[in-house]
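Asks: Quick one: the structure is below, and I'll ask about it shortly.
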Amino acid sequence: MTQQERQRIAAGLADGLSYAEIARRLDRPTSTISREVARNGSAGGYRPEQAHRATVKRARRGTPAPSRAPGAPGSTMEEEIIELAVRSGLPRMTARVHVDLLLSEDGRRTAAELTRRLKVSPASVSVAVNFLVQHGYVRRERDPQRRRDIYVVDDDAWYRSIVISSRLTLQSAHAAMTAAETLGLDTPVGQRLAKVGTFLERVIEDMVASADRWRGLLE
């Protein structure tokens with residue numbers, strides 16, 4: 001990989017582009033981009049000049065790139081999971097925090113631990129965990145002795161996130177049906193909104209019923 005390509009990777013990361021989009025622009029496989037970033041820091045700490053110098057040095061020595069333990073910040077496995085989360089709609093920083101919690105031994109981290117491990121500001125961590133808590137992916141516990149919050153990914157997190165997401169979608173469905181009645185069910189717009197509202201309501205009801213039925217798998 002050339003130094004110019006590495007500079008384009010850094011520019012893409014700074015713009016918040018996904019690995020897939022960066023790979024498309026460079027005409028490279030997505031796995032190549034994820035490995036390049038993982039072996040040279042992380043999405044938040046990638047430096048093209050340092051990466052290029054490290055690659056040249058390794059080539060001269062004939063030694064492979066240093067590997068990171070699976071689950072360690074910046075490991076290829078972690079970066080690939082983050083990329084999937086970003087594709088699903090999570091902001092990249094939120095995805096990084098979520099994945100770091102998922103891969104922790106007991107699913108628990110303090111804000112200070114997340115800040116130190118991910119090498120980001122406390123404000124960035126705060127925004128990310130607030131989003132995760134709001135959407136049910138993470139819950140917040142209070143440590144009364146040390147007066148600090150602990151963020152936890154437990155087995156029930158997936159169920160909670162589905163329920164919260166379903167509740168929000170149902171609100172949209174009901175709003176669509178209310179608008180349809182206001183505009184008139186005999187009008188084209190009213191009929192369209194009524195169909196959308198009914199569709200969303202039925203799908204969400206099935207999803208919640210399925211989550212309730214299979215919740216025991218998480219216990």
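Chain labels follow the order of the structure tokens: the first chain is A, the next B, and so on; residue numbering restarts at 1 in every chain, and ligands are counted from 1 in their shown order.
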Give the alpha helix (DSSP H) residues of range 79-129 of chain A, as assigned by DSSP on the backbone, as JSON, numbers by chain.

Replies: {"A": [79, 80, 81, 82, 83, 84, 85, 86, 87, 92, 93, 94, 95, 96, 97, 98, 99, 100, 101, 102, 111, 112, 113, 114, 115, 116, 117, 118, 122, 123, 124, 125, 126, 127, 128, 129]}

Asks: Show me, as a ChimeraX atom specification, the residues that have an atom within 12 Å of range 99-116 of chain A when counting only C-alpha atoms, minus same-chain residues fewer than 2 positions from it.

Replies: /A:69-75,77-86,90,92-97,118-130,132,137-143,146-158

Asks: Residues of range 163-192 of chain A that have any atom at most 9 Å from an atom of range 202-216 of chain A: could you tabulate them with the shortest-distance atom pair and the distance in Å to one decimal, using only C-alpha atoms, ordered by chain and increasing number, as CSV?

Replies:
residue,atom,partner,partner_atom,distance
A:Val163,CA,A:Val208,CA,6.6
A:Ser166,CA,A:Ile204,CA,5.9
A:Arg167,CA,A:Ile204,CA,8.4
A:Thr169,CA,A:Ile204,CA,7.4
A:Leu170,CA,A:Ile204,CA,6.9

Asks: For the atom pair CA of Ala20 in chain A and CA of Gln134 in chain A, what is the interatomic distance in Å to one decimal place?

Replies: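 So the two atoms, CA of Ala20 in chain A and CA of Gln134 in chain A, lie 27.9 Å apart.
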
Asks: As a list in words, which residues of range 31-194 of chain A does DSSP assign to strand (DSSP E)?

Replies: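 Checking each residue of range 31-194 of chain A, the strand (DSSP E) ones are Arg108, Arg109, Thr110, Arg139, Arg140, Glu141, Arg142, Asp143, Arg148, Asp149, Ile150, Tyr151 and Val152 of chain A.
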